[in-house]
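Visitor: Sending over a structure as structure tokens; questions will come in a sec.
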Amino acid sequence: QQLEGGAVGESELEGVLRRAGLGSQADVLLGRLKSELGVECPDDLRYVEASMVAMLALPPVQEKKLLQMVEDVKRQSLSGPAAAAGEEEGKARAEDSAEQQRLREELAAAEKAAAEKAMIAQRILEERDQRKKARQQQQQQLDAGLERQRMEEDARERERAQRVLEQQQQQQMQQQQPAAAAEPMPVLGHCFAFHDYQAQAAHEVSLKAGELVQVTRKHPSGWWEGILTSGKTGWVPSPFIRE
């Protein structure tokens, strides 16, 4: 296996020499590099210095080509790890960039979701306020309707009470009228109407301002019975006549 490895190293070293333009002297240089400098494979060229090449006493052109070949091998050996490191660094940067992009996307998605939730919450609050205002308006309308109904009922009740009172007064006055006047009623006094009055019932008489009234009876309710100059007899409200 060592022999096979050495043969492979020599073959690779010979290929390097030929690519460097030293093909015509490859066999000679291969032997001298191995015997004098201990170079058995291209990788060993990394340890060769310019002073060591000078010890070979090669023609100037061959020496320069060999030195250039040694520098190329060294540069390649250095660029290999650097390239690998650069590749790893680039890979790491790409991974970092991808991770940052993923984080940015997640952050953007989270912000979008938060904004949507905020919008939904705002819409729910607005709808709740609208429903509250609608209920308040409905309640106000209901209260106003109930108040109008109560006022109308009160007005109707007052009207009924007024009609009942008037009916009672009329009944009382009718009951106090004599069934038949056998003799003329005595005159209690003479009054003049100072304001027109339109009779509201059959037992009343209408007045004209300035008309003379002979008062025959006075009722505590304020209605007086009298005889007009026309001969009509009936009840009139006392505030419309003056003694």
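Just so we're on the same page: first chain in the structure tokens is A, next is B, and so on; residues restart at 1 for each chain, and ligands are numbered from 1 in the order they show up.
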Among stretch 128-230 of chain A, which ones does DSSP assign to strand (DSSP E or B) (computed from the backbone)? Answer as a PyMOL selection string.
Guide: chain A and resi 189-193+197+204+207+212-218+223-228
Visitor: Please save C-alpha atoms of the selected residues as a PDB file, in the first residue's frame.
Guide:
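For reference, again.pdb as written:
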ATOM      1  CA  GLY A 189    -134.494  92.204  42.487  1.00  0.00           C
ATOM      2  CA  HIS A 190    -133.738  93.698  39.089  1.00  0.00           C
ATOM      3  CA  CYS A 191    -130.458  93.179  37.267  1.00  0.00           C
ATOM      4  CA  PHE A 192    -128.901  94.095  33.954  1.00  0.00           C
ATOM      5  CA  ALA A 193    -126.853  91.711  31.792  1.00  0.00           C
ATOM      6  CA  TYR A 197    -124.645  84.624  27.270  1.00  0.00           C
ATOM      7  CA  GLU A 204    -131.489  78.247  30.726  1.00  0.00           C
ATOM      8  CA  LEU A 207    -128.854  87.086  27.560  1.00  0.00           C
ATOM      9  CA  LEU A 212    -133.138  93.707  32.106  1.00  0.00           C
ATOM     10  CA  VAL A 213    -133.609  90.588  34.217  1.00  0.00           C
ATOM     11  CA  GLN A 214    -136.098  90.204  37.086  1.00  0.00           C
ATOM     12  CA  VAL A 215    -134.491  87.794  39.555  1.00  0.00           C
ATOM     13  CA  THR A 216    -136.963  85.386  41.172  1.00  0.00           C
ATOM     14  CA  ARG A 217    -134.625  82.795  42.740  1.00  0.00           C
ATOM     15  CA  LYS A 218    -130.967  82.458  43.673  1.00  0.00           C
ATOM     16  CA  TRP A 223    -127.220  80.182  39.033  1.00  0.00           C
ATOM     17  CA  TRP A 224    -130.132  82.649  39.296  1.00  0.00           C
ATOM     18  CA  GLU A 225    -133.614  82.261  37.932  1.00  0.00           C
ATOM     19  CA  GLY A 226    -135.004  85.308  36.238  1.00  0.00           C
ATOM     20  CA  ILE A 227    -137.643  86.703  33.899  1.00  0.00           C
ATOM     21  CA  LEU A 228    -136.536  88.608  30.827  1.00  0.00           C
TER      22      LEU A 228
END
Visitor: Neighbours of A:Arg19 within 10 Å (only C-alpha atoms; same-chain residues fewer than 5 positions away dropped), as a VMD selection string?
Guide: chain A and resid 13 to 14 69
Visitor: Take the residues just selected and output them with N, CA, C and O atoms as a PDB file, in the first residue's frame.
Guide:
ATOM      1  N   LEU A  13       2.601  14.364  -8.689  1.00  0.00           N
ATOM      2  CA  LEU A  13       3.652  15.377  -8.715  1.00  0.00           C
ATOM      3  C   LEU A  13       4.141  15.594 -10.138  1.00  0.00           C
ATOM      4  O   LEU A  13       4.411  16.729 -10.548  1.00  0.00           O
ATOM      5  N   GLU A  14       4.243  14.497 -10.906  1.00  0.00           N
ATOM      6  CA  GLU A  14       4.665  14.616 -12.294  1.00  0.00           C
ATOM      7  C   GLU A  14       3.642  15.431 -13.089  1.00  0.00           C
ATOM      8  O   GLU A  14       3.997  16.272 -13.932  1.00  0.00           O
ATOM      9  N   MET A  69       5.421  27.307  -9.442  1.00  0.00           N
ATOM     10  CA  MET A  69       4.600  26.124  -9.156  1.00  0.00           C
ATOM     11  C   MET A  69       4.434  25.952  -7.643  1.00  0.00           C
ATOM     12  O   MET A  69       3.332  25.658  -7.147  1.00  0.00           O
TER      13      MET A  69
END
Visitor: Could you give me the residues within stretch 50-220 of chain A that DSSP places in helix (DSSP H, G or I), as a VMD selection string?
Guide: chain A and resid 50 to 54 60 to 176
Visitor: Take the residues from that selection and write them out as a CSV table (one decimal), in the first residue's frame, keeping C-alpha atoms.
Guide:
chain,number,residue,atom,x,y,z
A,50,ALA,CA,13.0,29.5,-2.3
A,51,SER,CA,16.3,28.8,-0.8
A,52,MET,CA,15.7,25.1,-1.1
A,53,VAL,CA,14.9,25.5,-4.8
A,54,ALA,CA,18.1,27.5,-5.2
A,60,PRO,CA,17.0,30.3,-14.4
A,61,VAL,CA,13.8,29.7,-16.4
A,62,GLN,CA,13.2,26.2,-14.8
A,63,GLU,CA,13.9,27.7,-11.4
A,64,LYS,CA,11.3,30.5,-11.9
A,65,LYS,CA,8.8,27.9,-13.2
A,66,LEU,CA,9.4,25.7,-10.2
A,67,LEU,CA,9.1,28.6,-7.7
A,68,GLN,CA,5.9,29.7,-9.4
A,69,MET,CA,4.6,26.1,-9.2
A,70,VAL,CA,5.5,26.0,-5.4
A,71,GLU,CA,3.7,29.4,-4.9
A,72,ASP,CA,0.6,28.1,-6.7
A,73,VAL,CA,0.5,25.0,-4.6
A,74,LYS,CA,0.8,27.0,-1.4
A,75,ARG,CA,-1.8,29.5,-2.6
A,76,GLN,CA,-4.2,26.7,-3.4
A,77,SER,CA,-3.6,25.0,-0.1
A,78,LEU,CA,-4.3,28.3,1.7
A,79,SER,CA,-7.3,29.1,-0.5
A,80,GLY,CA,-8.9,25.7,0.1
A,81,PRO,CA,-9.6,26.3,3.8
A,82,ALA,CA,-10.3,29.9,3.2
A,83,ALA,CA,-12.8,29.0,0.5
A,84,ALA,CA,-14.3,26.4,2.8
A,85,ALA,CA,-14.4,28.9,5.6
A,86,GLY,CA,-15.9,31.5,3.2
A,87,GLU,CA,-18.4,28.9,2.0
A,88,GLU,CA,-19.3,28.1,5.6
A,89,GLU,CA,-19.6,31.7,6.4
A,90,GLY,CA,-21.8,32.4,3.3
A,91,LYS,CA,-23.9,29.4,4.3
A,92,ALA,CA,-24.2,30.7,7.8
A,93,ARG,CA,-25.1,34.2,6.5
A,94,ALA,CA,-27.7,32.6,4.2
A,95,GLU,CA,-29.1,30.7,7.1
A,96,ASP,CA,-29.1,33.8,9.2
A,97,SER,CA,-30.8,35.7,6.4
A,98,ALA,CA,-33.3,33.0,6.0
A,99,GLU,CA,-33.9,32.9,9.7
A,100,GLN,CA,-34.2,36.7,9.9
A,101,GLN,CA,-36.6,36.6,6.9
A,102,ARG,CA,-38.7,34.0,8.7
A,103,LEU,CA,-38.7,36.0,11.9
A,104,ARG,CA,-39.7,39.1,9.9
A,105,GLU,CA,-42.5,37.2,8.2
A,106,GLU,CA,-43.7,35.8,11.6
A,107,LEU,CA,-43.5,39.3,13.1
A,108,ALA,CA,-45.5,40.8,10.2
A,109,ALA,CA,-48.0,38.0,10.5
A,110,ALA,CA,-48.3,38.6,14.2
A,111,GLU,CA,-48.7,42.3,13.7
A,112,LYS,CA,-51.4,41.7,11.0
A,113,ALA,CA,-53.2,39.3,13.3
A,114,ALA,CA,-53.1,41.8,16.1
A,115,ALA,CA,-54.3,44.6,13.9
A,116,GLU,CA,-57.2,42.4,12.7
A,117,LYS,CA,-58.1,41.6,16.3
A,118,ALA,CA,-58.0,45.2,17.2
A,119,MET,CA,-60.3,46.1,14.3
A,120,ILE,CA,-62.7,43.3,15.3
A,121,ALA,CA,-62.7,44.5,18.9
A,122,GLN,CA,-63.3,48.1,17.7
A,123,ARG,CA,-66.2,47.0,15.5
A,124,ILE,CA,-67.7,45.0,18.4
A,125,LEU,CA,-67.5,48.0,20.7
A,126,GLU,CA,-69.1,50.3,18.0
A,127,GLU,CA,-71.9,47.8,17.4
A,128,ARG,CA,-72.5,47.5,21.2
A,129,ASP,CA,-72.7,51.3,21.4
A,130,GLN,CA,-75.1,51.5,18.5
A,131,ARG,CA,-77.3,48.8,20.1
A,132,LYS,CA,-77.2,50.7,23.4
A,133,LYS,CA,-78.2,54.0,21.8
A,134,ALA,CA,-81.0,52.2,19.9
A,135,ARG,CA,-82.3,50.8,23.1
A,136,GLN,CA,-82.1,54.2,24.8
A,137,GLN,CA,-84.0,55.8,21.9
A,138,GLN,CA,-86.6,53.1,22.0
A,139,GLN,CA,-87.0,53.6,25.8
A,140,GLN,CA,-87.3,57.3,25.4
A,141,GLN,CA,-90.0,56.9,22.7
A,142,LEU,CA,-91.8,54.4,24.9
A,143,ASP,CA,-91.6,56.8,27.9
A,144,ALA,CA,-92.8,59.7,25.7
A,145,GLY,CA,-95.7,57.6,24.4
A,146,LEU,CA,-96.7,56.6,27.9
A,147,GLU,CA,-96.6,60.2,29.1
A,148,ARG,CA,-98.8,61.3,26.2
A,149,GLN,CA,-101.2,58.5,27.0
A,150,ARG,CA,-101.3,59.5,30.6
A,151,MET,CA,-101.9,63.2,29.8
A,152,GLU,CA,-104.7,62.3,27.3
A,153,GLU,CA,-106.3,60.0,30.0
A,154,ASP,CA,-106.0,62.9,32.5
A,155,ALA,CA,-107.6,65.3,30.1
A,156,ARG,CA,-110.4,62.8,29.3
A,157,GLU,CA,-110.9,62.3,33.0
A,158,ARG,CA,-111.2,66.0,33.6
A,159,GLU,CA,-113.7,66.4,30.8
A,160,ARG,CA,-115.8,63.5,32.2
A,161,ALA,CA,-115.7,65.1,35.7
A,162,GLN,CA,-116.7,68.5,34.3
A,163,ARG,CA,-119.6,66.9,32.4
A,164,VAL,CA,-120.7,65.0,35.5
A,165,LEU,CA,-120.5,68.2,37.6
A,166,GLU,CA,-122.5,70.2,35.0
A,167,GLN,CA,-125.1,67.4,34.8
A,168,GLN,CA,-125.4,67.4,38.6
A,169,GLN,CA,-125.9,71.2,38.7
A,170,GLN,CA,-128.5,71.0,36.0
A,171,GLN,CA,-130.3,68.2,37.8
A,172,GLN,CA,-130.3,70.2,41.0
A,173,MET,CA,-131.6,73.3,39.3
A,174,GLN,CA,-134.3,71.3,37.6
A,175,GLN,CA,-135.3,69.7,40.8
A,176,GLN,CA,-135.7,73.1,42.4
Visitor: Considering only C-alpha atoms, return as an mmCIF file with all heavy atoms, in the first residue's frame whatever protein or nucleic-acid residues lie within 9 Å of A:Asp196, sequence-local ones (same chain, fewer than 3 positions apart) excluded.
Guide:
data_model
loop_
_atom_site.group_PDB
_atom_site.id
_atom_site.type_symbol
_atom_site.label_atom_id
_atom_site.label_comp_id
_atom_site.auth_asym_id
_atom_site.auth_seq_id
_atom_site.Cartn_x
_atom_site.Cartn_y
_atom_site.Cartn_z
ATOM 1 N N ALA A 193 -127.922 92.567 32.351
ATOM 2 C CA ALA A 193 -126.853 91.711 31.792
ATOM 3 C C ALA A 193 -125.739 92.603 31.247
ATOM 4 O O ALA A 193 -126.032 93.504 30.449
ATOM 5 C CB ALA A 193 -127.421 90.823 30.697
ATOM 6 N N SER A 206 -130.971 82.751 27.201
ATOM 7 C CA SER A 206 -129.853 83.518 26.651
ATOM 8 C C SER A 206 -130.000 84.980 27.033
ATOM 9 O O SER A 206 -131.119 85.486 27.185
ATOM 10 C CB SER A 206 -129.811 83.375 25.133
ATOM 11 O OG SER A 206 -129.635 82.020 24.770
ATOM 12 N N LEU A 207 -128.874 85.685 27.156
ATOM 13 C CA LEU A 207 -128.854 87.086 27.560
ATOM 14 C C LEU A 207 -128.198 87.920 26.483
ATOM 15 O O LEU A 207 -127.321 87.455 25.757
ATOM 16 C CB LEU A 207 -128.094 87.259 28.879
ATOM 17 C CG LEU A 207 -128.668 86.566 30.125
ATOM 18 C CD1 LEU A 207 -127.706 86.750 31.302
ATOM 19 C CD2 LEU A 207 -130.040 87.152 30.462
ATOM 20 N N LYS A 208 -128.614 89.189 26.442
ATOM 21 C CA LYS A 208 -127.966 90.181 25.619
ATOM 22 C C LYS A 208 -127.446 91.267 26.545
ATOM 23 O O LYS A 208 -128.113 91.611 27.537
ATOM 24 C CB LYS A 208 -128.938 90.791 24.610
ATOM 25 C CG LYS A 208 -129.432 89.834 23.545
ATOM 26 C CD LYS A 208 -128.328 89.464 22.569
ATOM 27 C CE LYS A 208 -128.853 88.589 21.445
ATOM 28 N NZ LYS A 208 -127.776 88.220 20.491
ATOM 29 N N ALA A 209 -126.265 91.791 26.260
ATOM 30 C CA ALA A 209 -125.699 92.825 27.123
ATOM 31 C C ALA A 209 -126.680 94.002 27.234
ATOM 32 O O ALA A 209 -127.204 94.485 26.227
ATOM 33 C CB ALA A 209 -124.350 93.285 26.570
ATOM 34 N N GLY A 210 -126.959 94.440 28.478
ATOM 35 C CA GLY A 210 -127.874 95.546 28.724
ATOM 36 C C GLY A 210 -129.313 95.125 28.959
ATOM 37 O O GLY A 210 -130.167 95.966 29.269
ATOM 38 N N PHE A 240 -122.864 86.911 34.894
ATOM 39 C CA PHE A 240 -123.170 87.649 33.680
ATOM 40 C C PHE A 240 -124.162 88.785 33.914
ATOM 41 O O PHE A 240 -124.488 89.539 33.002
ATOM 42 C CB PHE A 240 -123.746 86.703 32.619
ATOM 43 C CG PHE A 240 -122.706 85.840 31.957
ATOM 44 C CD1 PHE A 240 -122.215 84.713 32.592
ATOM 45 C CD2 PHE A 240 -122.197 86.157 30.706
ATOM 46 C CE1 PHE A 240 -121.267 83.907 32.013
ATOM 47 C CE2 PHE A 240 -121.248 85.367 30.109
ATOM 48 C CZ PHE A 240 -120.769 84.242 30.762
#
Visitor: Measuring between only C-alpha atoms, which one of A:Ile241, A:Ala199, A:Leu188, A:Val48 shows the shortest distance to A:Glu211?
Guide: A:Ile241
